[in-house]
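Visitor: Below you'll find the structure I mean.
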Amino acid sequence: MSPRSPSVNEELRRRSREKLLQAALELVSAHGYEATTLGDIADRAGSARGLVSYYFPGKRQLVQSAVHRLMACTLQEALEREPRTEDGRERMARAIDAILGLARDHPVLMRQHMAGILQAEGFVQCPEQQRLAELLRDTVSRYGSPDPATDYPMMRALLMGSVYAALVPGVPMPLATLRAELFKRYRLDWELGFPPGAEAPGGTSGEDLSRFFSPQGREADAAGRAGQAGQPRQSK
């Protein structure tokens, strides 16, 4: 048998990483961060446990990259939904609503993400985080910012602060209130984006996160789940 080409090896590595990210999102969303082990994630992804450390230094970094993937893909979905638009104010409204929607639809994942950022490691500079930053920076630029390099970090801080405020246990702020403040700051009409109560086509509310990953990853994940049926969850 001839050795695999570098391009084939690269594709296999990409698929393995994709499956780990998807498994992390699904398991943490269902069971919480503390109850999910790296072994659980590897088993769900159909990967050898030692392979996880090849891609990620640890569980926190893996989960943070997975949530960055969720955020970036959700934001891209919102920006590209029909009817497509190049209007900067509409795109800004869609971006705000996409990120606030994650706090509503995936509170476990977003709460863990905020907690992870406050750890010593801070932001994980992974491809998923870089893609999210690229989308937000482009949104600020199309909105008409004369200085995106300065205005992008401010927008990011405002969105992070709003997500945090929406998820504080015991005293969460209503998303509509947070939306109103952000829309006021950016001088956006309430009807833009996804006003509360409006159904966003293909939005974030669905439980199936597989659309954010490659078809090959989905097929392998389904096969792995079938093989693991009836297997007990491992303790930490």
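Chain identifiers are assigned as A, B, and so on, following the order in which chains appear in the structure tokens; residues are numbered from 1 within each chain, and ligands are numbered from 1 in order of appearance.
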Quick one: residues within 9 Å of A:Pro127, only C-alpha atoms counted, chain neighbours fewer than 2 positions away excluded, as a ChimeraX atom specification?
Guide: /A:65,68-69,125,129-132
Visitor: Just all heavy atoms for this one: save the residues we selected as an mmCIF file, in the first residue's frame.
Guide:
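And here is the file that came out, out_10.cif:
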```cif
data_model
loop_
_atom_site.group_PDB
_atom_site.id
_atom_site.type_symbol
_atom_site.label_atom_id
_atom_site.label_comp_id
_atom_site.auth_asym_id
_atom_site.auth_seq_id
_atom_site.Cartn_x
_atom_site.Cartn_y
_atom_site.Cartn_z
ATOM 1 N N SER A 65 -12.581 26.614 21.909
ATOM 2 C CA SER A 65 -12.526 26.596 20.439
ATOM 3 C C SER A 65 -13.854 26.136 19.857
ATOM 4 O O SER A 65 -14.314 26.659 18.837
ATOM 5 C CB SER A 65 -11.398 25.668 19.962
ATOM 6 O OG SER A 65 -10.135 26.196 20.283
ATOM 7 N N HIS A 68 -16.269 28.996 20.109
ATOM 8 C CA HIS A 68 -15.920 29.986 19.090
ATOM 9 C C HIS A 68 -16.433 29.544 17.717
ATOM 10 O O HIS A 68 -16.878 30.360 16.917
ATOM 11 C CB HIS A 68 -14.408 30.199 19.036
ATOM 12 C CG HIS A 68 -13.894 31.169 20.053
ATOM 13 N ND1 HIS A 68 -12.728 30.967 20.766
ATOM 14 C CD2 HIS A 68 -14.388 32.370 20.471
ATOM 15 C CE1 HIS A 68 -12.533 31.984 21.575
ATOM 16 N NE2 HIS A 68 -13.520 32.852 21.411
ATOM 17 N N ARG A 69 -16.370 28.240 17.431
ATOM 18 C CA ARG A 69 -16.918 27.731 16.174
ATOM 19 C C ARG A 69 -18.426 27.987 16.123
ATOM 20 O O ARG A 69 -18.956 28.442 15.100
ATOM 21 C CB ARG A 69 -16.635 26.240 16.046
ATOM 22 C CG ARG A 69 -17.462 25.509 14.951
ATOM 23 C CD ARG A 69 -17.123 25.999 13.542
ATOM 24 N NE ARG A 69 -15.834 25.553 13.147
ATOM 25 C CZ ARG A 69 -15.571 24.401 12.547
ATOM 26 N NH1 ARG A 69 -16.548 23.564 12.264
ATOM 27 N NH2 ARG A 69 -14.341 24.085 12.195
ATOM 28 N N GLN A 125 -6.343 31.627 20.960
ATOM 29 C CA GLN A 125 -6.130 32.159 19.617
ATOM 30 C C GLN A 125 -6.153 31.011 18.598
ATOM 31 O O GLN A 125 -5.140 30.617 18.038
ATOM 32 C CB GLN A 125 -4.787 32.902 19.561
ATOM 33 C CG GLN A 125 -4.697 34.085 20.498
ATOM 34 C CD GLN A 125 -5.687 35.183 20.120
ATOM 35 O OE1 GLN A 125 -5.873 35.489 18.940
ATOM 36 N NE2 GLN A 125 -6.306 35.795 21.109
ATOM 37 N N GLN A 129 -11.651 31.304 16.674
ATOM 38 C CA GLN A 129 -11.682 32.650 17.252
ATOM 39 C C GLN A 129 -11.278 33.683 16.211
ATOM 40 O O GLN A 129 -11.850 34.780 16.132
ATOM 41 C CB GLN A 129 -10.756 32.721 18.471
ATOM 42 C CG GLN A 129 -10.861 34.016 19.265
ATOM 43 C CD GLN A 129 -9.984 35.127 18.728
ATOM 44 O OE1 GLN A 129 -8.918 34.864 18.170
ATOM 45 N NE2 GLN A 129 -10.412 36.359 18.889
ATOM 46 N N GLN A 130 -10.297 33.350 15.389
ATOM 47 C CA GLN A 130 -9.845 34.280 14.354
ATOM 48 C C GLN A 130 -10.935 34.514 13.315
ATOM 49 O O GLN A 130 -11.114 35.636 12.823
ATOM 50 C CB GLN A 130 -8.569 33.745 13.709
ATOM 51 C CG GLN A 130 -7.382 33.739 14.649
ATOM 52 C CD GLN A 130 -6.211 32.919 14.150
ATOM 53 O OE1 GLN A 130 -6.234 32.397 13.030
ATOM 54 N NE2 GLN A 130 -5.196 32.781 14.977
ATOM 55 N N ARG A 131 -11.703 33.476 12.993
ATOM 56 C CA ARG A 131 -12.806 33.634 12.039
ATOM 57 C C ARG A 131 -13.902 34.508 12.631
ATOM 58 O O ARG A 131 -14.460 35.375 11.940
ATOM 59 C CB ARG A 131 -13.373 32.262 11.671
ATOM 60 C CG ARG A 131 -14.579 32.309 10.723
ATOM 61 C CD ARG A 131 -14.266 33.047 9.448
ATOM 62 N NE ARG A 131 -15.409 33.101 8.541
ATOM 63 C CZ ARG A 131 -15.565 34.002 7.602
ATOM 64 N NH1 ARG A 131 -14.649 34.954 7.425
ATOM 65 N NH2 ARG A 131 -16.624 33.970 6.804
ATOM 66 N N LEU A 132 -14.213 34.307 13.907
ATOM 67 C CA LEU A 132 -15.207 35.147 14.574
ATOM 68 C C LEU A 132 -14.765 36.605 14.575
ATOM 69 O O LEU A 132 -15.551 37.511 14.269
ATOM 70 C CB LEU A 132 -15.413 34.650 16.007
ATOM 71 C CG LEU A 132 -16.332 35.482 16.893
ATOM 72 C CD1 LEU A 132 -17.745 35.514 16.329
ATOM 73 C CD2 LEU A 132 -16.330 34.933 18.317
#
```
Visitor: So the first atom is atom CA of A:Pro148 and the second is atom CA of A:Arg187; what is the distance between them in Å, to one decimal place?
Guide: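 Here the two named atoms are 17.0 Å from each other.
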Visitor: Go through A:Arg94, A:Arg13, A:Lys19, A:Arg49 and flag the residue nearest A:Pro195, using only C-alpha atoms for the distances.
Guide: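 Among the listed residues, the smallest separation from A:Pro195 belongs to A:Arg94.
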Visitor: Find the residues near stretch 103-110 of chain A: any atom within 12 Å, counting only C-alpha atoms, skip ones fewer than 5 places away on the same chain, and give them as a VMD selection string.
Guide: chain A and resid 24 to 34 60 63 to 71 74 96 to 98 115 to 117 159 to 169 172 to 176 178 196 203 to 209
Visitor: Residues of the last selection are to be written out with N, CA and C atoms, as a compact mmCIF listing (two decimals), in the first residue's frame.
Guide:
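selection.txt, written as the output of this step:
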```txt
# COMPACT_ATOMS: atom_id res chain seq x y z
N ALA A 24 -17.49 18.04 21.56
CA ALA A 24 -17.39 18.90 22.74
C ALA A 24 -18.63 19.76 22.88
N LEU A 25 -19.09 20.36 21.78
CA LEU A 25 -20.29 21.20 21.84
C LEU A 25 -21.50 20.39 22.31
N GLU A 26 -21.69 19.23 21.73
CA GLU A 26 -22.88 18.44 22.04
C GLU A 26 -22.88 17.92 23.47
N LEU A 27 -21.73 17.46 23.94
CA LEU A 27 -21.68 16.89 25.28
C LEU A 27 -21.75 17.95 26.37
N VAL A 28 -21.03 19.05 26.20
CA VAL A 28 -21.09 20.11 27.22
C VAL A 28 -22.48 20.72 27.25
N SER A 29 -23.09 20.89 26.09
CA SER A 29 -24.45 21.42 26.05
C SER A 29 -25.42 20.51 26.79
N ALA A 30 -25.24 19.20 26.65
CA ALA A 30 -26.17 18.24 27.26
C ALA A 30 -25.88 17.96 28.72
N HIS A 31 -24.59 17.92 29.10
CA HIS A 31 -24.24 17.45 30.44
C HIS A 31 -23.51 18.48 31.29
N GLY A 32 -23.10 19.61 30.70
CA GLY A 32 -22.33 20.59 31.44
C GLY A 32 -20.84 20.35 31.32
N TYR A 33 -20.07 21.37 31.65
CA TYR A 33 -18.62 21.30 31.49
C TYR A 33 -17.98 20.31 32.46
N GLU A 34 -18.31 20.41 33.73
CA GLU A 34 -17.65 19.57 34.73
C GLU A 34 -17.95 18.10 34.53
N ARG A 60 -10.35 22.84 28.57
CA ARG A 60 -10.81 24.23 28.50
C ARG A 60 -10.57 24.82 27.12
N VAL A 63 -13.01 23.22 24.54
CA VAL A 63 -14.37 23.72 24.63
C VAL A 63 -14.45 25.18 24.17
N GLN A 64 -13.44 25.97 24.50
CA GLN A 64 -13.47 27.36 24.05
C GLN A 64 -13.41 27.44 22.53
N SER A 65 -12.58 26.61 21.91
CA SER A 65 -12.53 26.60 20.44
C SER A 65 -13.85 26.14 19.86
N ALA A 66 -14.48 25.16 20.50
CA ALA A 66 -15.77 24.66 20.02
C ALA A 66 -16.83 25.75 20.09
N VAL A 67 -16.86 26.51 21.17
CA VAL A 67 -17.86 27.58 21.29
C VAL A 67 -17.54 28.71 20.32
N HIS A 68 -16.27 29.00 20.11
CA HIS A 68 -15.92 29.99 19.09
C HIS A 68 -16.43 29.54 17.72
N ARG A 69 -16.37 28.24 17.43
CA ARG A 69 -16.92 27.73 16.17
C ARG A 69 -18.43 27.99 16.12
N LEU A 70 -19.12 27.68 17.21
CA LEU A 70 -20.56 27.91 17.27
C LEU A 70 -20.87 29.39 17.04
N MET A 71 -20.13 30.28 17.67
CA MET A 71 -20.37 31.71 17.54
C MET A 71 -20.10 32.19 16.11
N THR A 74 -22.76 30.73 13.68
CA THR A 74 -24.06 31.36 13.91
C THR A 74 -24.07 32.77 13.35
N ILE A 96 -25.66 41.65 16.21
CA ILE A 96 -26.06 41.80 17.61
C ILE A 96 -27.07 40.72 17.98
N ASP A 97 -28.08 40.53 17.15
CA ASP A 97 -29.12 39.56 17.45
C ASP A 97 -28.58 38.13 17.44
N ALA A 98 -27.60 37.85 16.58
CA ALA A 98 -27.03 36.51 16.53
C ALA A 98 -26.31 36.18 17.83
N ALA A 115 -16.93 31.95 31.53
CA ALA A 115 -16.11 31.54 32.66
C ALA A 115 -14.70 31.16 32.21
N GLY A 116 -14.61 30.47 31.07
CA GLY A 116 -13.31 30.06 30.58
C GLY A 116 -12.43 31.23 30.18
N ILE A 117 -13.02 32.26 29.62
CA ILE A 117 -12.26 33.44 29.21
C ILE A 117 -11.62 34.12 30.42
N LEU A 159 -20.66 43.24 23.29
CA LEU A 159 -21.38 41.97 23.10
C LEU A 159 -21.07 40.99 24.23
N MET A 160 -19.80 40.90 24.62
CA MET A 160 -19.43 40.01 25.71
C MET A 160 -20.10 40.44 27.01
N GLY A 161 -20.12 41.75 27.25
CA GLY A 161 -20.77 42.25 28.45
C GLY A 161 -22.26 41.96 28.46
N SER A 162 -22.89 42.06 27.30
CA SER A 162 -24.32 41.78 27.21
C SER A 162 -24.61 40.31 27.45
N VAL A 163 -23.79 39.43 26.88
CA VAL A 163 -23.97 38.00 27.11
C VAL A 163 -23.80 37.68 28.59
N TYR A 164 -22.78 38.26 29.20
CA TYR A 164 -22.55 38.04 30.62
C TYR A 164 -23.76 38.50 31.43
N ALA A 165 -24.26 39.70 31.13
CA ALA A 165 -25.40 40.24 31.88
C ALA A 165 -26.64 39.37 31.70
N ALA A 166 -26.80 38.78 30.54
CA ALA A 166 -27.97 37.93 30.28
C ALA A 166 -27.90 36.60 31.01
N LEU A 167 -26.69 36.19 31.43
CA LEU A 167 -26.50 34.85 31.98
C LEU A 167 -26.14 34.84 33.46
N VAL A 168 -26.07 36.00 34.10
CA VAL A 168 -25.72 36.03 35.53
C VAL A 168 -26.79 35.28 36.32
N PRO A 169 -26.43 34.22 37.02
CA PRO A 169 -27.43 33.47 37.78
C PRO A 169 -28.14 34.33 38.81
N PRO A 172 -30.39 37.81 35.92
CA PRO A 172 -30.14 38.04 34.49
C PRO A 172 -30.92 39.25 33.98
N MET A 173 -30.30 40.00 33.07
CA MET A 173 -31.00 41.10 32.43
C MET A 173 -31.77 40.58 31.23
N PRO A 174 -32.98 41.11 30.97
CA PRO A 174 -33.74 40.66 29.80
C PRO A 174 -32.99 40.97 28.50
N LEU A 175 -33.05 40.03 27.58
CA LEU A 175 -32.37 40.24 26.30
C LEU A 175 -32.93 41.44 25.55
N ALA A 176 -34.23 41.69 25.67
CA ALA A 176 -34.82 42.84 24.99
C ALA A 176 -34.22 44.15 25.50
N LEU A 178 -31.17 44.52 26.84
CA LEU A 178 -29.79 44.58 26.34
C LEU A 178 -29.77 44.94 24.86
N PRO A 196 -37.24 40.72 18.85
CA PRO A 196 -37.78 39.69 19.75
C PRO A 196 -39.15 39.22 19.29
N GLY A 203 -31.97 29.80 12.33
CA GLY A 203 -31.31 30.47 13.43
C GLY A 203 -30.65 29.52 14.39
N THR A 204 -30.40 30.00 15.60
CA THR A 204 -29.60 29.24 16.54
C THR A 204 -30.42 28.35 17.44
N SER A 205 -31.74 28.38 17.32
CA SER A 205 -32.55 27.70 18.33
C SER A 205 -32.56 26.19 18.19
N GLY A 206 -32.17 25.65 17.04
CA GLY A 206 -32.19 24.21 16.86
C GLY A 206 -31.16 23.50 17.72
N GLU A 207 -31.49 22.31 18.18
CA GLU A 207 -30.56 21.54 18.99
C GLU A 207 -29.47 20.88 18.15
N ASP A 208 -29.74 20.65 16.88
CA ASP A 208 -28.78 19.97 16.01
C ASP A 208 -27.68 20.93 15.60
N LEU A 209 -26.48 20.70 16.10
CA LEU A 209 -25.35 21.58 15.80
C LEU A 209 -24.51 21.06 14.64
```
Visitor: Which distance in Å separates atom CA of A:Ala157 and atom CA of A:Glu181, to one decimal?
Guide: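 Here the two named atoms are 13.7 Å from each other.
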Visitor: Excluding same-chain residues fewer than 4 positions from A:Met154, what lies within 12 Å of it counting only C-alpha atoms, as a PyMOL selection string?
Guide: chain A and resi 136-137+140+145+147-150+158-161+182+185-186
Visitor: Which residues come within 9 Å of A:Leu79, counting only C-alpha atoms, excluding same-chain residues fewer than 6 positions away, as a ChimeraX atom specification?
Guide: /A:85,90-92,94-95,98,139
Visitor: Next, the residues of the selection above should be written as an mmCIF file, in the first residue's frame with all heavy atoms.
Guide:
```
data_model
loop_
_atom_site.group_PDB
_atom_site.id
_atom_site.type_symbol
_atom_site.label_atom_id
_atom_site.label_comp_id
_atom_site.auth_asym_id
_atom_site.auth_seq_id
_atom_site.Cartn_x
_atom_site.Cartn_y
_atom_site.Cartn_z
ATOM 1 N N THR A 85 -28.028 41.035 2.160
ATOM 2 C CA THR A 85 -27.951 42.488 2.137
ATOM 3 C C THR A 85 -26.520 42.943 2.348
ATOM 4 O O THR A 85 -25.731 42.263 3.010
ATOM 5 C CB THR A 85 -28.845 43.093 3.235
ATOM 6 O OG1 THR A 85 -28.754 44.528 3.181
ATOM 7 C CG2 THR A 85 -28.401 42.642 4.627
ATOM 8 N N GLU A 90 -28.205 47.011 8.749
ATOM 9 C CA GLU A 90 -28.899 45.719 8.863
ATOM 10 C C GLU A 90 -27.928 44.626 9.301
ATOM 11 O O GLU A 90 -28.263 43.783 10.147
ATOM 12 C CB GLU A 90 -29.553 45.351 7.535
ATOM 13 C CG GLU A 90 -30.088 43.929 7.439
ATOM 14 C CD GLU A 90 -31.239 43.627 8.405
ATOM 15 O OE1 GLU A 90 -31.903 44.594 8.885
ATOM 16 O OE2 GLU A 90 -31.474 42.444 8.687
ATOM 17 N N ARG A 91 -26.719 44.638 8.754
ATOM 18 C CA ARG A 91 -25.738 43.621 9.124
ATOM 19 C C ARG A 91 -25.314 43.779 10.585
ATOM 20 O O ARG A 91 -25.111 42.786 11.290
ATOM 21 C CB ARG A 91 -24.530 43.694 8.186
ATOM 22 C CG ARG A 91 -24.866 43.285 6.753
ATOM 23 C CD ARG A 91 -23.653 43.421 5.834
ATOM 24 N NE ARG A 91 -22.650 42.412 6.113
ATOM 25 C CZ ARG A 91 -22.653 41.176 5.616
ATOM 26 N NH1 ARG A 91 -23.621 40.789 4.793
ATOM 27 N NH2 ARG A 91 -21.686 40.338 5.912
ATOM 28 N N MET A 92 -25.190 45.003 11.058
ATOM 29 C CA MET A 92 -24.858 45.224 12.461
ATOM 30 C C MET A 92 -25.981 44.687 13.360
ATOM 31 O O MET A 92 -25.727 44.035 14.377
ATOM 32 C CB MET A 92 -24.637 46.711 12.725
ATOM 33 C CG MET A 92 -24.366 47.065 14.185
ATOM 34 S SD MET A 92 -22.821 46.366 14.829
ATOM 35 C CE MET A 92 -21.626 47.512 14.106
ATOM 36 N N ARG A 94 -28.112 42.309 12.637
ATOM 37 C CA ARG A 94 -28.094 40.847 12.585
ATOM 38 C C ARG A 94 -26.985 40.290 13.471
ATOM 39 O O ARG A 94 -27.169 39.260 14.138
ATOM 40 C CB ARG A 94 -27.886 40.375 11.146
ATOM 41 C CG ARG A 94 -29.050 40.652 10.218
ATOM 42 C CD ARG A 94 -28.795 40.056 8.843
ATOM 43 N NE ARG A 94 -29.860 40.375 7.893
ATOM 44 C CZ ARG A 94 -29.956 39.838 6.684
ATOM 45 N NH1 ARG A 94 -29.057 38.949 6.278
ATOM 46 N NH2 ARG A 94 -30.948 40.173 5.878
ATOM 47 N N ALA A 95 -25.838 40.946 13.482
ATOM 48 C CA ALA A 95 -24.725 40.478 14.304
ATOM 49 C C ALA A 95 -25.081 40.546 15.786
ATOM 50 O O ALA A 95 -24.837 39.596 16.549
ATOM 51 C CB ALA A 95 -23.478 41.309 14.018
ATOM 52 N N ALA A 98 -27.601 37.853 16.576
ATOM 53 C CA ALA A 98 -27.026 36.508 16.526
ATOM 54 C C ALA A 98 -26.308 36.179 17.830
ATOM 55 O O ALA A 98 -26.473 35.087 18.392
ATOM 56 C CB ALA A 98 -26.071 36.386 15.346
ATOM 57 N N THR A 139 -18.072 43.364 9.976
ATOM 58 C CA THR A 139 -19.371 43.969 10.276
ATOM 59 C C THR A 139 -19.210 45.427 10.674
ATOM 60 O O THR A 139 -19.950 46.307 10.209
ATOM 61 C CB THR A 139 -20.071 43.188 11.410
ATOM 62 O OG1 THR A 139 -20.318 41.857 10.962
ATOM 63 C CG2 THR A 139 -21.387 43.844 11.793
#
```
Visitor: Let me make sure I understand: among A:Leu135, A:Ala93, A:Leu100, A:Leu75, which one has the smallest atom-to-atom distance to A:Leu188 if we use only C-alpha atoms?
Guide: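 Result for the nearest residue to A:Leu188: A:Ala93.
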Visitor: Return the single residue from A:Thr177, A:Ser141, A:Ser7, A:Gln119 that is closest to A:Gln61, with distances computed using only C-alpha atoms.
Guide: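 Residue with the minimum atom-to-atom distance to A:Gln61: A:Gln119.
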Visitor: Hey, what does DSSP flag as helix (DSSP H, G or I) within stretch 10-167 of chain A? Can you give it to me as an NGL selection string?
Guide: :A and (10-31 or 38-45 or 49-55 or 59-80 or 88-105 or 107-117 or 127-143 or 148-167)
Visitor: Grab the atom CA of A:Gly58 to atom CA of A:Ile99 distance for me, in Å with one decimal place.
Guide: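 These two atoms are separated by 25.6 Å.
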Visitor: Which of these residues is nearest to A:Glu191, using only C-alpha atoms: A:Met114, A:Arg89, A:Glu77, A:Phe123?
Guide: A:Arg89
